[in-house]
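Data file: coords-v3.cif. Format and content: mmCIF, C-alpha atoms.
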data_my_file
loop_
_atom_site.group_PDB
_atom_site.id
_atom_site.type_symbol
_atom_site.label_atom_id
_atom_site.label_comp_id
_atom_site.auth_asym_id
_atom_site.auth_seq_id
_atom_site.Cartn_x
_atom_site.Cartn_y
_atom_site.Cartn_z
ATOM 1 C CA MET A 138 4.044 -20.001 -15.988
ATOM 2 C CA HIS A 139 5.204 -21.147 -12.546
ATOM 3 C CA ASP A 140 2.510 -20.502 -9.919
ATOM 4 C CA GLU A 141 3.012 -21.720 -6.336
ATOM 5 C CA GLN A 142 1.055 -21.060 -3.138
ATOM 6 C CA GLY A 143 1.757 -21.984 0.445
ATOM 7 C CA TYR A 144 2.176 -20.869 4.035
ATOM 8 C CA ILE A 145 5.094 -19.508 6.045
ATOM 9 C CA PRO A 146 5.343 -19.729 9.872
ATOM 10 C CA VAL A 147 5.344 -16.182 11.316
ATOM 11 C CA ASP A 148 5.247 -15.460 15.060
ATOM 12 C CA GLY A 149 3.534 -18.773 15.807
ATOM 13 C CA HIS A 150 0.945 -18.299 13.053
ATOM 14 C CA ARG A 151 0.723 -18.874 9.273
ATOM 15 C CA VAL A 152 1.148 -16.306 6.517
ATOM 16 C CA TRP A 153 -0.094 -17.148 3.008
ATOM 17 C CA TYR A 154 2.084 -16.453 -0.051
ATOM 18 C CA ARG A 155 1.922 -16.880 -3.810
ATOM 19 C CA ARG A 156 4.877 -16.920 -6.248
ATOM 20 C CA VAL A 157 4.124 -16.287 -9.932
ATOM 21 C CA GLY A 158 6.603 -16.454 -12.820
ATOM 22 C CA SER A 159 10.294 -17.267 -12.725
ATOM 23 C CA GLY A 160 13.703 -15.810 -13.450
ATOM 24 C CA GLY A 161 14.929 -12.268 -13.054
ATOM 25 C CA ILE A 162 15.290 -10.460 -9.747
ATOM 26 C CA PRO A 163 12.057 -11.150 -7.806
ATOM 27 C CA LEU A 164 9.523 -8.421 -7.024
ATOM 28 C CA LEU A 165 8.063 -8.619 -3.492
ATOM 29 C CA LEU A 166 4.712 -6.846 -3.040
ATOM 30 C CA LEU A 167 3.510 -5.180 0.179
ATOM 31 C CA HIS A 168 -0.245 -4.678 0.101
ATOM 32 C CA GLY A 169 -2.220 -1.865 1.677
ATOM 33 C CA GLY A 170 -4.780 -1.564 4.411
ATOM 34 C CA PRO A 171 -3.326 -2.491 6.799
ATOM 35 C CA GLY A 172 -5.468 -5.578 6.412
ATOM 36 C CA ALA A 173 -6.556 -5.351 2.758
ATOM 37 C CA GLY A 174 -4.765 -8.506 1.654
ATOM 38 C CA HIS A 175 -3.120 -9.051 -1.718
ATOM 39 C CA ASP A 176 -6.304 -9.365 -3.817
ATOM 40 C CA TYR A 177 -6.488 -5.845 -5.265
ATOM 41 C CA LEU A 178 -2.824 -6.049 -6.352
ATOM 42 C CA GLU A 179 -3.499 -9.038 -8.638
ATOM 43 C CA PRO A 180 -2.992 -7.046 -11.904
ATOM 44 C CA LEU A 181 0.686 -6.719 -10.929
ATOM 45 C CA GLN A 182 1.169 -10.371 -11.859
ATOM 46 C CA GLY A 183 1.477 -8.895 -15.366
ATOM 47 C CA LEU A 184 5.056 -8.073 -14.327
ATOM 48 C CA ALA A 185 5.764 -11.817 -14.054
ATOM 49 C CA ARG A 186 6.605 -11.897 -17.758
ATOM 50 C CA ASP A 187 10.138 -10.786 -16.834
ATOM 51 C CA ARG A 188 10.609 -12.018 -13.280
ATOM 52 C CA GLU A 189 9.083 -13.780 -10.307
ATOM 53 C CA VAL A 190 6.390 -11.764 -8.510
ATOM 54 C CA ILE A 191 5.613 -12.613 -4.876
ATOM 55 C CA PHE A 192 2.294 -11.782 -3.217
ATOM 56 C CA PHE A 193 1.627 -12.412 0.469
ATOM 57 C CA ASP A 194 -1.203 -11.632 2.840
ATOM 58 C CA GLN A 195 0.273 -9.982 5.903
ATOM 59 C CA LEU A 196 -0.628 -11.639 9.206
ATOM 60 C CA GLY A 197 -4.153 -10.756 10.302
ATOM 61 C CA CYS A 198 -5.864 -10.628 6.921
ATOM 62 C CA GLY A 199 -6.869 -12.411 3.735
ATOM 63 C CA ARG A 200 -5.778 -16.050 3.594
ATOM 64 C CA SER A 201 -3.300 -15.700 6.453
ATOM 65 C CA ASP A 202 -4.139 -16.482 10.068
ATOM 66 C CA GLN A 203 -6.080 -13.800 11.928
ATOM 67 C CA PRO A 204 -5.105 -14.136 15.598
ATOM 68 C CA ALA A 205 -7.078 -12.212 18.209
ATOM 69 C CA ASP A 206 -3.980 -10.723 19.896
ATOM 70 C CA ARG A 207 -4.115 -7.001 19.064
ATOM 71 C CA SER A 208 -0.601 -6.445 20.421
ATOM 72 C CA LEU A 209 0.619 -7.993 17.134
ATOM 73 C CA TRP A 210 -0.661 -5.067 15.085
ATOM 74 C CA ARG A 211 2.341 -2.748 15.180
ATOM 75 C CA ILE A 212 4.515 -1.554 12.320
ATOM 76 C CA GLU A 213 7.718 -2.930 13.923
ATOM 77 C CA ARG A 214 6.306 -6.471 13.876
ATOM 78 C CA PHE A 215 5.261 -6.132 10.229
ATOM 79 C CA VAL A 216 8.815 -5.006 9.390
ATOM 80 C CA ARG A 217 10.177 -8.204 10.967
ATOM 81 C CA GLU A 218 7.559 -10.197 9.048
ATOM 82 C CA ILE A 219 9.106 -9.071 5.737
ATOM 83 C CA ASP A 220 12.478 -10.498 6.796
ATOM 84 C CA THR A 221 10.780 -13.758 7.846
ATOM 85 C CA VAL A 222 9.042 -14.062 4.469
ATOM 86 C CA ARG A 223 12.263 -13.268 2.588
ATOM 87 C CA ALA A 224 14.233 -15.865 4.562
ATOM 88 C CA ALA A 225 11.581 -18.560 4.104
ATOM 89 C CA LEU A 226 11.382 -18.006 0.337
ATOM 90 C CA GLY A 227 15.114 -17.486 -0.241
ATOM 91 C CA LEU A 228 14.681 -13.912 -1.467
ATOM 92 C CA ASP A 229 18.259 -12.662 -1.146
ATOM 93 C CA ARG A 230 17.979 -9.895 -3.750
ATOM 94 C CA ILE A 231 14.607 -8.274 -4.436
ATOM 95 C CA HIS A 232 12.790 -5.341 -5.880
ATOM 96 C CA LEU A 233 10.260 -4.070 -3.312
ATOM 97 C CA LEU A 234 6.875 -2.501 -4.151
ATOM 98 C CA GLY A 235 4.657 -1.143 -1.387
ATOM 99 C CA GLN A 236 1.221 0.322 -2.097
ATOM 100 C CA SER A 237 -0.577 2.682 0.347
ATOM 101 C CA TRP A 238 0.014 1.200 3.854
ATOM 102 C CA GLY A 239 2.465 -1.097 2.065
ATOM 103 C CA GLY A 240 4.440 2.038 1.187
ATOM 104 C CA TRP A 241 4.563 3.203 4.807
ATOM 105 C CA LEU A 242 5.680 -0.307 5.752
ATOM 106 C CA GLY A 243 8.173 -0.274 2.879
ATOM 107 C CA ILE A 244 9.702 3.013 4.061
ATOM 108 C CA GLU A 245 9.983 1.694 7.613
ATOM 109 C CA TYR A 246 11.600 -1.485 6.278
ATOM 110 C CA LEU A 247 14.066 0.417 4.087
ATOM 111 C CA LEU A 248 15.097 2.537 7.086
ATOM 112 C CA SER A 249 16.224 -0.684 8.800
ATOM 113 C CA GLN A 250 18.865 -0.897 6.008
ATOM 114 C CA PRO A 251 18.036 -4.459 4.917
ATOM 115 C CA ARG A 252 20.470 -6.233 2.600
ATOM 116 C CA GLY A 253 19.695 -7.110 -1.001
ATOM 117 C CA ILE A 254 17.194 -4.394 -1.944
ATOM 118 C CA VAL A 255 17.769 -3.643 -5.637
ATOM 119 C CA SER A 256 15.012 -1.008 -5.951
ATOM 120 C CA ALA A 257 11.900 0.345 -4.248
ATOM 121 C CA THR A 258 8.571 1.411 -5.738
ATOM 122 C CA LEU A 259 6.425 3.514 -3.395
ATOM 123 C CA ALA A 260 2.890 3.500 -4.804
ATOM 124 C CA SER A 261 0.142 5.907 -3.701
ATOM 125 C CA THR A 262 1.681 6.454 -0.290
ATOM 126 C CA SER A 263 3.381 9.094 1.847
ATOM 127 C CA ALA A 264 6.217 9.497 4.313
ATOM 128 C CA SER A 265 3.914 10.996 6.946
ATOM 129 C CA ILE A 266 0.461 10.092 8.249
ATOM 130 C CA PRO A 267 -0.151 13.673 9.521
ATOM 131 C CA GLN A 268 0.642 15.046 6.040
ATOM 132 C CA PHE A 269 -1.708 12.525 4.415
ATOM 133 C CA VAL A 270 -4.536 13.273 6.864
ATOM 134 C CA ALA A 271 -4.169 17.022 6.269
ATOM 135 C CA GLU A 272 -4.346 16.475 2.496
ATOM 136 C CA ALA A 273 -7.322 14.105 2.813
ATOM 137 C CA ASN A 274 -9.142 16.753 4.860
ATOM 138 C CA ARG A 275 -8.542 19.210 2.021
ATOM 139 C CA LEU A 276 -10.063 16.736 -0.459
ATOM 140 C CA LYS A 277 -13.030 16.063 1.849
ATOM 141 C CA ALA A 278 -13.753 19.807 1.951
ATOM 142 C CA GLN A 279 -14.272 19.689 -1.843
ATOM 143 C CA LEU A 280 -17.248 17.316 -1.537
ATOM 144 C CA PRO A 281 -20.790 18.774 -1.886
ATOM 145 C CA PRO A 282 -21.543 21.062 1.116
ATOM 146 C CA GLU A 283 -24.319 18.826 2.471
ATOM 147 C CA MET A 284 -21.891 15.859 2.542
ATOM 148 C CA VAL A 285 -19.230 17.958 4.253
ATOM 149 C CA ALA A 286 -21.788 18.900 6.928
ATOM 150 C CA VAL A 287 -22.794 15.251 7.444
ATOM 151 C CA MET A 288 -19.146 14.217 7.753
ATOM 152 C CA GLN A 289 -18.358 16.897 10.298
ATOM 153 C CA ARG A 290 -21.399 16.015 12.404
ATOM 154 C CA CYS A 291 -20.884 12.243 12.325
ATOM 155 C CA GLU A 292 -17.130 12.389 12.874
ATOM 156 C CA ALA A 293 -17.612 14.598 15.932
ATOM 157 C CA ALA A 294 -20.064 12.035 17.318
ATOM 158 C CA GLY A 295 -18.130 8.944 16.172
ATOM 159 C CA GLU A 296 -21.123 7.770 14.122
ATOM 160 C CA TRP A 297 -19.085 5.766 11.621
ATOM 161 C CA ARG A 298 -22.034 3.513 10.644
ATOM 162 C CA ASN A 299 -24.533 6.328 10.029
ATOM 163 C CA PRO A 300 -25.955 5.655 6.512
ATOM 164 C CA GLN A 301 -25.584 9.312 5.494
ATOM 165 C CA TYR A 302 -21.977 9.277 6.637
ATOM 166 C CA GLU A 303 -21.290 6.034 4.770
ATOM 167 C CA ALA A 304 -22.790 7.566 1.602
ATOM 168 C CA ALA A 305 -20.480 10.584 1.912
ATOM 169 C CA VAL A 306 -17.473 8.312 2.488
ATOM 170 C CA MET A 307 -18.446 6.319 -0.625
ATOM 171 C CA GLU A 308 -18.547 9.508 -2.702
ATOM 172 C CA PHE A 309 -15.035 10.335 -1.459
ATOM 173 C CA TYR A 310 -13.896 6.830 -2.416
ATOM 174 C CA ARG A 311 -15.438 7.131 -5.910
ATOM 175 C CA ARG A 312 -13.433 10.302 -6.451
ATOM 176 C CA HIS A 313 -10.171 9.408 -4.727
ATOM 177 C CA LEU A 314 -9.879 5.652 -4.011
ATOM 178 C CA CYS A 315 -10.902 4.105 -7.346
ATOM 179 C CA ARG A 316 -12.527 6.020 -10.203
ATOM 180 C CA LEU A 317 -13.604 2.915 -12.144
ATOM 181 C CA ASP A 318 -17.329 2.158 -12.332
ATOM 182 C CA PRO A 319 -18.009 -0.548 -11.367
ATOM 183 C CA TRP A 320 -15.122 -1.399 -9.075
ATOM 184 C CA PRO A 321 -13.215 -4.515 -10.210
ATOM 185 C CA ASP A 322 -13.710 -7.789 -8.368
ATOM 186 C CA ALA A 323 -10.122 -7.787 -7.049
ATOM 187 C CA LEU A 324 -10.773 -4.477 -5.245
ATOM 188 C CA LEU A 325 -14.140 -5.634 -3.895
ATOM 189 C CA ARG A 326 -12.427 -8.672 -2.359
ATOM 190 C CA SER A 327 -9.929 -6.409 -0.571
ATOM 191 C CA VAL A 328 -12.762 -4.161 0.629
ATOM 192 C CA ARG A 329 -14.413 -7.250 2.131
ATOM 193 C CA ASN A 330 -11.112 -8.182 3.792
ATOM 194 C CA LEU A 331 -11.122 -4.794 5.539
ATOM 195 C CA ASP A 332 -14.674 -5.015 6.862
ATOM 196 C CA GLY A 333 -14.347 -5.315 10.640
ATOM 197 C CA ASN A 334 -10.643 -6.173 10.289
ATOM 198 C CA ALA A 335 -8.836 -5.857 13.634
ATOM 199 C CA VAL A 336 -5.499 -4.867 12.056
ATOM 200 C CA TYR A 337 -7.131 -1.966 10.197
ATOM 201 C CA GLU A 338 -9.103 -0.817 13.234
ATOM 202 C CA THR A 339 -6.074 -1.052 15.557
ATOM 203 C CA MET A 340 -3.525 0.620 13.301
ATOM 204 C CA ASN A 341 -5.619 2.900 11.077
ATOM 205 C CA GLY A 342 -9.171 3.574 12.223
ATOM 206 C CA PRO A 343 -12.775 3.422 10.965
ATOM 207 C CA ASN A 344 -12.037 4.465 7.353
ATOM 208 C CA GLU A 345 -9.336 5.608 4.938
ATOM 209 C CA PHE A 346 -8.978 9.176 6.209
ATOM 210 C CA ILE A 347 -9.794 8.927 9.927
ATOM 211 C CA VAL A 348 -6.474 7.702 11.318
ATOM 212 C CA ILE A 349 -6.895 7.314 15.071
ATOM 213 C CA GLY A 350 -5.017 4.009 15.445
ATOM 214 C CA ASN A 351 -1.392 3.510 16.449
ATOM 215 C CA LEU A 352 -0.131 4.792 13.063
ATOM 216 C CA ARG A 353 -1.585 8.268 13.602
ATOM 217 C CA ASP A 354 1.722 9.982 14.499
ATOM 218 C CA TRP A 355 3.952 7.998 12.101
ATOM 219 C CA ASP A 356 6.222 10.446 10.221
ATOM 220 C CA ARG A 357 9.522 9.636 8.507
ATOM 221 C CA ILE A 358 9.997 12.760 6.345
ATOM 222 C CA ALA A 359 13.114 13.762 8.290
ATOM 223 C CA ARG A 360 14.726 10.355 7.639
ATOM 224 C CA LEU A 361 14.038 9.894 3.921
ATOM 225 C CA ALA A 362 17.664 10.684 3.028
ATOM 226 C CA GLU A 363 18.601 7.362 4.682
ATOM 227 C CA ILE A 364 16.905 5.534 1.763
ATOM 228 C CA ARG A 365 19.678 4.969 -0.762
ATOM 229 C CA VAL A 366 18.208 2.526 -3.276
ATOM 230 C CA PRO A 367 16.809 3.529 -6.695
ATOM 231 C CA THR A 368 13.235 4.599 -5.965
ATOM 232 C CA LEU A 369 10.158 5.061 -8.178
ATOM 233 C CA ILE A 370 7.194 6.946 -6.681
ATOM 234 C CA THR A 371 3.788 6.506 -8.350
ATOM 235 C CA VAL A 372 0.609 8.463 -7.595
ATOM 236 C CA GLY A 373 -2.812 9.094 -9.108
ATOM 237 C CA ARG A 374 -3.750 12.648 -10.061
ATOM 238 C CA PHE A 375 -6.911 12.280 -7.922
ATOM 239 C CA ASP A 376 -5.281 10.059 -5.249
ATOM 240 C CA GLU A 377 -6.525 10.184 -1.649
ATOM 241 C CA ILE A 378 -2.793 10.382 -0.835
ATOM 242 C CA PRO A 379 -2.233 13.133 -3.403
ATOM 243 C CA PRO A 380 0.762 14.210 -5.521
ATOM 244 C CA VAL A 381 1.986 16.704 -2.900
ATOM 245 C CA CYS A 382 2.788 13.711 -0.653
ATOM 246 C CA ALA A 383 4.666 12.052 -3.533
ATOM 247 C CA GLU A 384 6.637 15.259 -4.070
ATOM 248 C CA THR A 385 7.661 15.304 -0.391
ATOM 249 C CA MET A 386 9.109 11.816 -0.816
ATOM 250 C CA ARG A 387 10.868 12.772 -4.057
ATOM 251 C CA ARG A 388 12.590 15.713 -2.357
ATOM 252 C CA GLY A 389 13.728 13.476 0.504
ATOM 253 C CA ILE A 390 14.996 10.427 -1.420
ATOM 254 C CA ALA A 391 18.044 11.238 -3.552
ATOM 255 C CA GLY A 392 17.655 10.337 -7.213
ATOM 256 C CA SER A 393 14.015 9.265 -6.875
ATOM 257 C CA ARG A 394 11.392 10.130 -9.468
ATOM 258 C CA VAL A 395 7.617 10.615 -9.468
ATOM 259 C CA VAL A 396 5.215 9.362 -12.139
ATOM 260 C CA VAL A 397 1.657 10.749 -11.966
ATOM 261 C CA PHE A 398 -1.195 8.713 -13.451
ATOM 262 C CA GLU A 399 -3.563 11.353 -14.789
ATOM 263 C CA HIS A 400 -6.771 9.281 -14.811
ATOM 264 C CA SER A 401 -6.388 7.519 -11.460
ATOM 265 C CA GLY A 402 -7.277 7.783 -7.820
ATOM 266 C CA HIS A 403 -5.529 5.616 -5.224
ATOM 267 C CA THR A 404 -5.278 2.452 -7.349
ATOM 268 C CA ALA A 405 -3.482 3.351 -10.590
ATOM 269 C CA HIS A 406 -2.501 -0.304 -11.105
ATOM 270 C CA LEU A 407 -6.241 -1.071 -11.433
ATOM 271 C CA GLU A 408 -7.349 2.156 -13.114
ATOM 272 C CA GLU A 409 -4.563 2.421 -15.724
ATOM 273 C CA THR A 410 -3.210 -1.137 -15.637
ATOM 274 C CA GLU A 411 -1.442 -1.234 -19.002
ATOM 275 C CA ARG A 412 0.481 2.002 -18.452
ATOM 276 C CA TYR A 413 1.212 1.085 -14.828
ATOM 277 C CA LEU A 414 2.792 -2.243 -15.790
ATOM 278 C CA GLN A 415 4.805 -0.482 -18.500
ATOM 279 C CA VAL A 416 6.130 2.222 -16.145
ATOM 280 C CA VAL A 417 7.069 -0.159 -13.334
ATOM 281 C CA GLY A 418 8.418 -2.842 -15.666
ATOM 282 C CA ASP A 419 10.630 -0.307 -17.469
ATOM 283 C CA PHE A 420 11.912 1.034 -14.132
ATOM 284 C CA LEU A 421 12.857 -2.441 -12.869
ATOM 285 C CA GLN A 422 14.708 -3.295 -16.070
ATOM 286 C CA GLU A 423 16.491 0.091 -16.106
ATOM 287 C CA VAL A 424 17.694 -0.447 -12.528
ATOM 288 C CA GLU A 425 18.929 -3.946 -13.335
ATOM 289 C CA GLN A 426 20.835 -2.772 -16.405
ATOM 290 C CA ALA A 427 22.569 -0.062 -14.349
ATOM 291 C CA ALA A 428 23.338 -2.353 -11.388
ATOM 292 C CA PRO A 429 26.864 -3.808 -11.023
#

Before anything else, please render the file you have as structure tokens.
Amino acid sequence: MHDEQGYIPVDGHRVWYRRVGSGGIPLLLLHGGPGAGHDYLEPLQGLARDREVIFFDQLGCGRSDQPADRSLWRIERFVREIDTVRAALGLDRIHLLGQSWGGWLGIEYLLSQPRGIVSATLASTSASIPQFVAEANRLKAQLPPEMVAVMQRCEAAGEWRNPQYEAAVMEFYRRHLCRLDPWPDALLRSVRNLDGNAVYETMNGPNEFIVIGNLRDWDRIARLAEIRVPTLITVGRFDEIPPVCAETMRRGIAGSRVVVFEHSGHTAHLEETERYLQVVGDFLQEVEQAAP
């Protein structure tokens, strides 16, 4: 199987990419975080049986350059980065899959009406940060009462490194980020990418559900009707960005569909890999067969 790695010049820096497989309409992957890198998406190379799959680490994380200029960490620049990557790799027609932050980025990119998008898969994401935060707060309230109390106290004081707070956050993650025990190596590598990552801290915040960075007011629910490509929405039953957020996207994007993974949190492609590859692979082939 063809497997190529390299670097692309982006805004005076280098972005790492990997192309796996050949033939078919390529699938371009947008990883989460922001700042997590591609590592935890590695199981999606199983889709390379039918087509080329392209991973890349967005600027500021993983194997890409990590410049100190925090003015780079804005969603508009990451949108332009996708076009730069596509141009460098000759990706005229693509399927696009964005997971978590990659889904927010994917929505923003689709709203720019780029050419050559054959389909979109929006995985464990939402069309609104405020909606996600409200839903995450509801999930946090279901933790044991002593953990809820610790969270409320530490969040009010900004004590993100308090060991009791970190233990409560970890319990939330075990329930809603990834329900596998132990966590797979690919996910642990992405977790390490996020530790102290400037992109994550600038755009998101101290953890998955405290969004105090420059993404905090991002909301595109009112514009979802502008997305006119075939769209698959995937979500875990126990996802930290839960099914109600997926349903909001389904209502907004004409002809879209939602598939819920009943045994998964936020990483269905890791937690139910075989079914995930089947669902996404079938969707891509169905779209291609219907396309002119």

Counting all atoms listed in the file, what is within 10 Å of region 389-402 of chain A, bar same-chain residues fewer than 5 positions away, as a PyMOL selection string? chain A and resi 257-261+264+310-317+357-380+383-384+407-409+412-413+416-417

Starting from the PyMOL selection byres ((chain A and resi 232-243) around 7), expand the selection into actual residues of this file and give them as a PyMOL selection string. chain A and resi 162-171+212+216+231+244-247+254-264

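Counting all atoms listed in the file and comparing A:Ala305, A:Arg326, A:Ser201, A:Arg275, the residue that lies closest to Asp176 (chain A) is A:Arg326.
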
Need the shell around Gly350 (chain A): protein/DNA/RNA residues with any atom at most 9 Å away, counting all atoms listed in the file. Skip same-chain ones fewer than 4 positions apart. Format as number ranges by chain? A: 337-343

Using CA of Phe215 (chain A) and CA of Arg353 (chain A) as the two end points, give the distance in Å to one decimal. 16.3 Å

Rounded to one decimal in Å, what is the spacing between CA of Trp355 (chain A) and CA of Ile266 (chain A)?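 One can read the CA of Trp355 (chain A) to CA of Ile266 (chain A) distance as 5.6 Å.
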
What would the selection look like, as a ChimeraX atom specification, if the PyMOL selection byres ((chain A and resi 202) around 10) were run on the coordinates I just shared? /A:144,147,149-153,194-201,203-205

Work out where the centre of an axis-aligned box around every listed atom of region 272-278 of chain A lies and how long its edges are once 3 Å is added on each side; give both in Å to one decimal as JSON.
{"center_x": -9.0, "center_y": 17.0, "center_z": 2.2, "size_x": 15.4, "size_y": 11.7, "size_z": 11.3}

For Met307 (chain A), the nearest of the candidates A:Ala173, A:Ile191, A:Met288, A:Ile349, counting all atoms listed in the file: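 Distance minimum relative to Met307 (chain A) lands on A:Met288.
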
Fewer than 4 positions away in the same chain doesn't count, so skip those; otherwise give me all residues within 7 Å of region 154-158 of chain A, counting all atoms listed in the file, as number ranges by chain. A: 138-144, 182, 185-186, 188-194

Please measure the separation of CA of His406 (chain A) and CA of Leu324 (chain A), giving the value in Å to one decimal.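 Spanning CA of His406 (chain A) to CA of Leu324 (chain A) is a straight-line distance of 11.0 Å.
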
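Ranking A:Leu248, A:Cys382, A:Leu184, A:Leu226 by their shortest atom-to-atom distance to Val270 (chain A), with all atoms listed in the file included, puts A:Cys382 first.
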
Nearest to Pro300 (chain A) among A:Ser265, A:Leu331, A:Gln426, A:Met284, with distances taken over all atoms listed in the file: which residue is it?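 Smallest separation from Pro300 (chain A) among the options: A:Met284.
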
Using all atoms listed in the file for the distances, tell me which of A:Asp356, A:Glu425, A:Glu345, A:Glu179 is nearest to Asn274 (chain A). A:Glu345

Would you pick out the contacts of region 221-225 of chain A at 7 Å or less, using only C-alpha atoms, so that residues sharing its chain but fewer than 3 positions from it are not included, and give the list as a PyMOL selection string? chain A and resi 145+147+217-218+228
